[in-house]
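This report concerns only the one structure given below.
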Amino acid sequence: MMVHPVVEKVTQRIIERSRPSRRAYLAHLDAARVKGVQRGTLACTNLAHGFAAFPANDKLKLREQKQPSVAIVSSYNDMLSAHQPFEYFPKVIKEAVREIGAVAQFAGGVPAMCDGVTQGQPGMELSLFSRDTIAMSTAIALSHNMFDASLYLGICDKIVPGLLIGALHFGHIPGIFVPGGPMTTGISNKEKAAVRQRYAKGLATREELLEGEAQAYHSAGTCTFYGTANSNQMLMEMMGLHLPNAAFITPGTPLRDALTRAAAQHAVKISQQGGNYMPIGHIVDEKSIVNAIASLHATGGSTNHTMHLIAIARAAGIVVDWNDFDELSKVVPLLARVYPNGDADVNHFQAAGGPAFVIRELLDGGFAHDDVNTILGHGLRNHCKEPFLDENDNVVWKDLPEQSGDEAVLRKYTNPFSDNGGLILVQGNLGRAVMKISAVKKEHHIVEAPALTFDSQEDFMHAYQAGQLNRDFVAVIRFQGPRANGMPELHALTPALANLQDAGYHVAMVTDGRMSGASGKVPAAIHVSPEILAGGPLGLVRDGDIIRVDATQGTLEALVPDDIWASRKMATADLSSSHIGMGRELFDVFRKSVSAAEEGAAHFPLPSLRDTVVPLHEGTDTGEIMPGSDEDFLFRKNK
């Protein structure tokens with residue numbers, strides 16, 4: 001199948017835009033690669049420290065410097081339901097790697113916070129910044145230079161993007177992402193949303209609300225709605241960083257354990273010593289990033305990835321912006337309906353065919369590139385299979401059924417739920433923002449109403465609880481950008497806004513903050529960029545201004561005369577309460593250095609060819625300085 005012309009056009013534009021930084025990235029990658037095992041570069045004292053505590057047989061293998069060593073980088077903690085199963089994964093991994101003559105070492109842990117626990121709390125203001133903290137923690141784990149391949153254990157929100165950003169900074173090391181799987185289905189997401197809305201109206205007690213939440217989030221595994229955590233899993237499948245269709249197999253099952261063993265052994269096979277060398281920096285390229293964006297649109301995935309995918313791409317020297325997301329969304333069909341875009345959860349999605357079905361349909365329809373590298377080699381179509389156990393409890397893969405197991409949940413590209421992905425760019429005199437409308441009814445795609453400005457989500461909730469919001473309005477939630485307070489999710493506002501919409505009012509939200517990956521039926525223009533603290537025009541809005549949020553035309557405007565707009569001064573707010581307490585003072589350097597939302601809300605520069613250490617051509621024994629433009633770079637001897 002030929003690739004859709006828009007997909008091809010966007011891909012080529014990204015390739016051209018990224019050429020200098022991608023070239024620099026690959027130069028860094030080549031410079032870091034060595035002949036033989038990575039630990040062969042270590043001095044004796046270094047190496048002795050690296051294996052001192054290991055069992056005798058493993059120590060001997062590490063000492064001989066022949067067999068590969070596999071790093072385990074894990075986000076385990078037993079507070080997060082999604083990450084609790086990772087407690088026993090290292091034991092499974094080490095045993096599986098030993099079976100084929102190699103060694104696995106637990107290289108390090110990364111922090112893992114739960115947006116579900118911190119939602120609406122001060123700790124949420126650390127959430128976005130935790131992504132880059134995780135990336136740096138991953139780098140620390142790998143900095144010992146002991147490892148020839150890596151296994152990354154993570155699932156949720158900022159954790160997978162952070163692990164992948166860190167992994168890409170060690171792009172010469174092959175890497176596989178190892179999921180833990182979702183919890184089994186509890187009460188339906190529709191029931192959960194209903195009790196939240198009743199509580200917001202004062203019609204349910206706190207005990208009733210807690211019981212409903214406990215029945216929804218009831219055991220080990222990922223939350224079952226299709227928010228950022230499960231969008232992460234879809235993206236890892238689409239980028240070929242998981243074993244095929246591994247994302248949504250529940251924890252504590254024989255198939256889950258078999259997949260973990262298989263991932264561990266496959267990591268050895270794709271190391272240099274394994275004979276099928278496939279570094280992660282050669283997997284994540286311009287085409288795989290486009291594939292990831294396509295899968296996000298096709299499944300109605302989390303808006304958080306309009307930042308995370310940009311940050312991931314930058315780590316590999318690839319420059320992506322919201323125009324790319326917007327153009328792809330216009331042509332990629334919506335193939336899945338999973339809550340909040342439908343009633344089903346991810347267990348139903350998996351039973352209907354899961355990520356592998358989506359990958360196959362996107363390839364068949366020309367909405368994704370097959371000619372990419374994955375952990376299985378070259379070609380994404382290798383990932384269009386589903387796993388089963390053989391008679392020895394080893395995992396085997398079989399071809400997918402031709403038809404979806406449930407067309408109310410998952411469909412072929414020839415019969416989509418919608419002919420577009422439902423994630424759009426809106427822009428105007430208020431800046432640029434993204435909207436997810438796959439769960440928003442068409443009658444709410446345009447809202448034109450007076451602005452009501454709030455400087456915090458608490459201020460909004462106080463007004464709602466006081467009965468002051470029973471009218472048409474656009475809630476402008478200001479000073480929620482990364483520079484202001486770390487860009488917390490504002491999902492706690494969803495039940496109140498949904499109640500007002502259900503009551504017949506025309507409501508929408510505009511903010512330089514984030515919404516959850518579970519954002520739903522209320523129109524919300526989010527990630528408004530630039531944010532107010534970067535001079536963004538959202539700070540010029542005043543109560544009563546008519547705001548037009550138009551998802552059909554892609555506009556975001558304050559309908560204010562130009563002369564009045566130009567005469568206004570930027571709004572100010574006392575943000576000191578968001579800069580101290582709950583550890584927020586430790587992240588002051590992040591708030592000061594963070595990039596704009598459309599640049600990934602990141603802290604790390606694009607790779608540069610200037611002063612890049614690259615290997616010399618064979619037979620060369622001196623370095624050479626290459627004169628020129630901004631791409632001047634220094635060839636140094638690769639010792």
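Labeling convention for the structure tokens: chains A, B, ... as they appear, residues from 1 per chain, ligands from 1 in order of appearance.
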List as a PyMOL selection string the protein and nucleic acid residues near range 109-121 of chain A, meaning an atom at most 9 Å away when only C-alpha atoms are counted, but skip any in the same chain fewer than 5 places from it.
chain A and resi 72-77+79-80+83+126-127+130+133-138+141+154+156-159+163+457-458+488-493+516
Keeping only N, CA and C atoms, write those residues as a short mmCIF file (atom, residue, chain, number, x, y, z; two decimals), in the first residue's frame.
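This went into result.cif:
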```
data_model
loop_
_atom_site.label_atom_id
_atom_site.label_comp_id
_atom_site.auth_asym_id
_atom_site.auth_seq_id
_atom_site.Cartn_x
_atom_site.Cartn_y
_atom_site.Cartn_z
N ILE A 72 18.68 -3.30 33.56
CA ILE A 72 17.27 -3.19 33.93
C ILE A 72 17.08 -1.81 34.55
N VAL A 73 16.27 -0.97 33.92
CA VAL A 73 15.95 0.35 34.46
C VAL A 73 14.46 0.35 34.75
N SER A 74 14.11 0.49 36.01
CA SER A 74 12.73 0.23 36.43
C SER A 74 12.12 1.41 37.17
N SER A 75 10.83 1.59 36.96
CA SER A 75 10.06 2.61 37.69
C SER A 75 9.22 1.98 38.79
N TYR A 76 9.64 0.82 39.26
CA TYR A 76 8.86 0.12 40.29
C TYR A 76 8.64 0.98 41.53
N ASN A 77 7.43 1.03 42.00
CA ASN A 77 7.12 1.30 43.41
C ASN A 77 5.78 0.65 43.69
N MET A 79 3.21 1.82 45.37
CA MET A 79 2.05 2.70 45.53
C MET A 79 1.28 2.79 44.23
N LEU A 80 1.98 2.79 43.09
CA LEU A 80 1.32 2.87 41.80
C LEU A 80 0.85 1.49 41.38
N HIS A 83 2.69 0.05 38.39
CA HIS A 83 4.10 -0.27 38.51
C HIS A 83 4.40 -1.29 39.60
N LEU A 126 4.58 19.06 40.15
CA LEU A 126 5.86 18.42 39.86
C LEU A 126 5.74 17.42 38.72
N SER A 127 4.52 17.12 38.31
CA SER A 127 4.27 16.00 37.42
C SER A 127 4.98 16.14 36.08
N SER A 130 8.61 15.86 36.24
CA SER A 130 9.12 14.53 36.58
C SER A 130 9.59 13.79 35.33
N THR A 133 13.13 14.66 34.84
CA THR A 133 13.86 14.07 35.97
C THR A 133 14.08 12.58 35.72
N ILE A 134 13.07 11.91 35.21
CA ILE A 134 13.18 10.48 34.88
C ILE A 134 14.21 10.26 33.78
N ALA A 135 14.22 11.13 32.79
CA ALA A 135 15.22 11.03 31.73
C ALA A 135 16.63 11.13 32.31
N MET A 136 16.83 12.07 33.21
CA MET A 136 18.15 12.22 33.82
C MET A 136 18.48 11.03 34.72
N SER A 137 17.49 10.50 35.41
CA SER A 137 17.71 9.32 36.25
C SER A 137 18.09 8.11 35.40
N THR A 138 17.46 8.01 34.22
CA THR A 138 17.81 6.93 33.29
C THR A 138 19.26 7.07 32.85
N ALA A 141 21.51 5.83 35.53
CA ALA A 141 21.54 4.36 35.58
C ALA A 141 22.47 3.78 34.53
N GLY A 154 8.37 0.52 32.55
CA GLY A 154 7.57 1.69 32.88
C GLY A 154 6.27 1.68 32.09
N CYS A 156 3.29 4.51 32.97
CA CYS A 156 2.36 5.64 33.09
C CYS A 156 2.91 6.97 32.58
N ASP A 157 1.99 7.88 32.46
CA ASP A 157 2.08 9.29 32.11
C ASP A 157 3.47 9.79 31.70
N LYS A 158 4.23 10.40 32.62
CA LYS A 158 5.53 10.98 32.25
C LYS A 158 6.63 9.94 32.24
N ILE A 159 6.33 8.74 32.71
CA ILE A 159 7.39 7.78 32.99
C ILE A 159 7.95 7.16 31.72
N LEU A 163 11.67 7.76 30.32
CA LEU A 163 12.57 6.63 30.07
C LEU A 163 13.07 6.65 28.63
N GLN A 457 -7.33 26.58 39.59
CA GLN A 457 -8.49 25.69 39.51
C GLN A 457 -9.31 25.77 40.80
N GLU A 458 -8.67 26.12 41.91
CA GLU A 458 -9.41 26.28 43.17
C GLU A 458 -10.38 27.45 43.07
N PRO A 488 0.20 21.95 35.73
CA PRO A 488 -0.56 20.81 36.26
C PRO A 488 -1.74 20.46 35.37
N GLU A 489 -2.17 19.21 35.43
CA GLU A 489 -3.42 18.83 34.77
C GLU A 489 -4.59 19.43 35.52
N LEU A 490 -5.61 19.78 34.78
CA LEU A 490 -6.80 20.42 35.35
C LEU A 490 -8.01 19.50 35.25
N HIS A 491 -7.75 18.22 35.28
CA HIS A 491 -8.83 17.24 35.10
C HIS A 491 -9.88 17.32 36.21
N ALA A 492 -9.49 17.85 37.36
CA ALA A 492 -10.45 17.96 38.46
C ALA A 492 -11.62 18.87 38.12
N LEU A 493 -11.46 19.71 37.09
CA LEU A 493 -12.53 20.61 36.69
C LEU A 493 -13.56 19.93 35.79
N SER A 516 -6.15 16.25 31.53
CA SER A 516 -5.74 14.86 31.64
C SER A 516 -5.88 14.15 30.31
#
```
Surrounding residues of Arg381 in chain A excluding itself and chain neighbours under 5 positions, 12 Å, only C-alpha atoms, as a ChimeraX atom specification
/A:1,237-240,244,356-364,368-374,376,399-400
Need to verify the contact set: Pro482 in chain A, 7 Å, only C-alpha atoms, exclusion of same-chain residues closer than 5 positions in sequence. Can you return it as an NGL selection string?
:A and (487 or 591 or 594 or 601)
Give me, please, the distance in Å between CA of Ile140 in chain A and CA of Lys35 in chain A, quoted to one decimal.
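Distance between the two atoms: 22.5 Å.
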Exercise: Pro523 in chain A partners within 9 Å, only C-alpha atoms, chain neighbours under 3 positions left out, as a PDB file with C-alpha atoms, in the first residue's frame:
```pdb
ATOM      1  CA  MET A 435      -8.073  20.495  21.287  1.00  0.00           C
ATOM      2  CA  LYS A 436      -9.159  16.895  21.546  1.00  0.00           C
ATOM      3  CA  ILE A 437     -12.669  16.633  20.117  1.00  0.00           C
ATOM      4  CA  VAL A 440     -16.959  16.122  22.093  1.00  0.00           C
ATOM      5  CA  HIS A 444     -20.250  21.709  21.165  1.00  0.00           C
ATOM      6  CA  HIS A 445     -17.485  22.128  18.582  1.00  0.00           C
ATOM      7  CA  ILE A 446     -18.117  25.884  18.513  1.00  0.00           C
ATOM      8  CA  VAL A 447     -18.564  27.901  21.692  1.00  0.00           C
ATOM      9  CA  VAL A 507     -19.266  26.163  28.192  1.00  0.00           C
ATOM     10  CA  ALA A 508     -15.657  25.690  27.187  1.00  0.00           C
ATOM     11  CA  MET A 509     -12.246  26.011  28.762  1.00  0.00           C
ATOM     12  CA  VAL A 510      -9.141  27.831  27.531  1.00  0.00           C
ATOM     13  CA  GLY A 520     -13.706  14.151  27.597  1.00  0.00           C
ATOM     14  CA  VAL A 549     -13.464  28.565  20.458  1.00  0.00           C
ATOM     15  CA  ALA A 551     -12.939  23.472  16.462  1.00  0.00           C
TER      16      ALA A 551
END
```
Between A:Gly422, A:Pro355, A:Pro122, A:Gly252, which residue has the minimum interatomic distance to Gly181 in chain A, considering only C-alpha atoms?
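Checking each of A:Gly422, A:Pro355, A:Pro122, A:Gly252 against Gly181 in chain A, counting only C-alpha atoms, the winner is A:Gly252.
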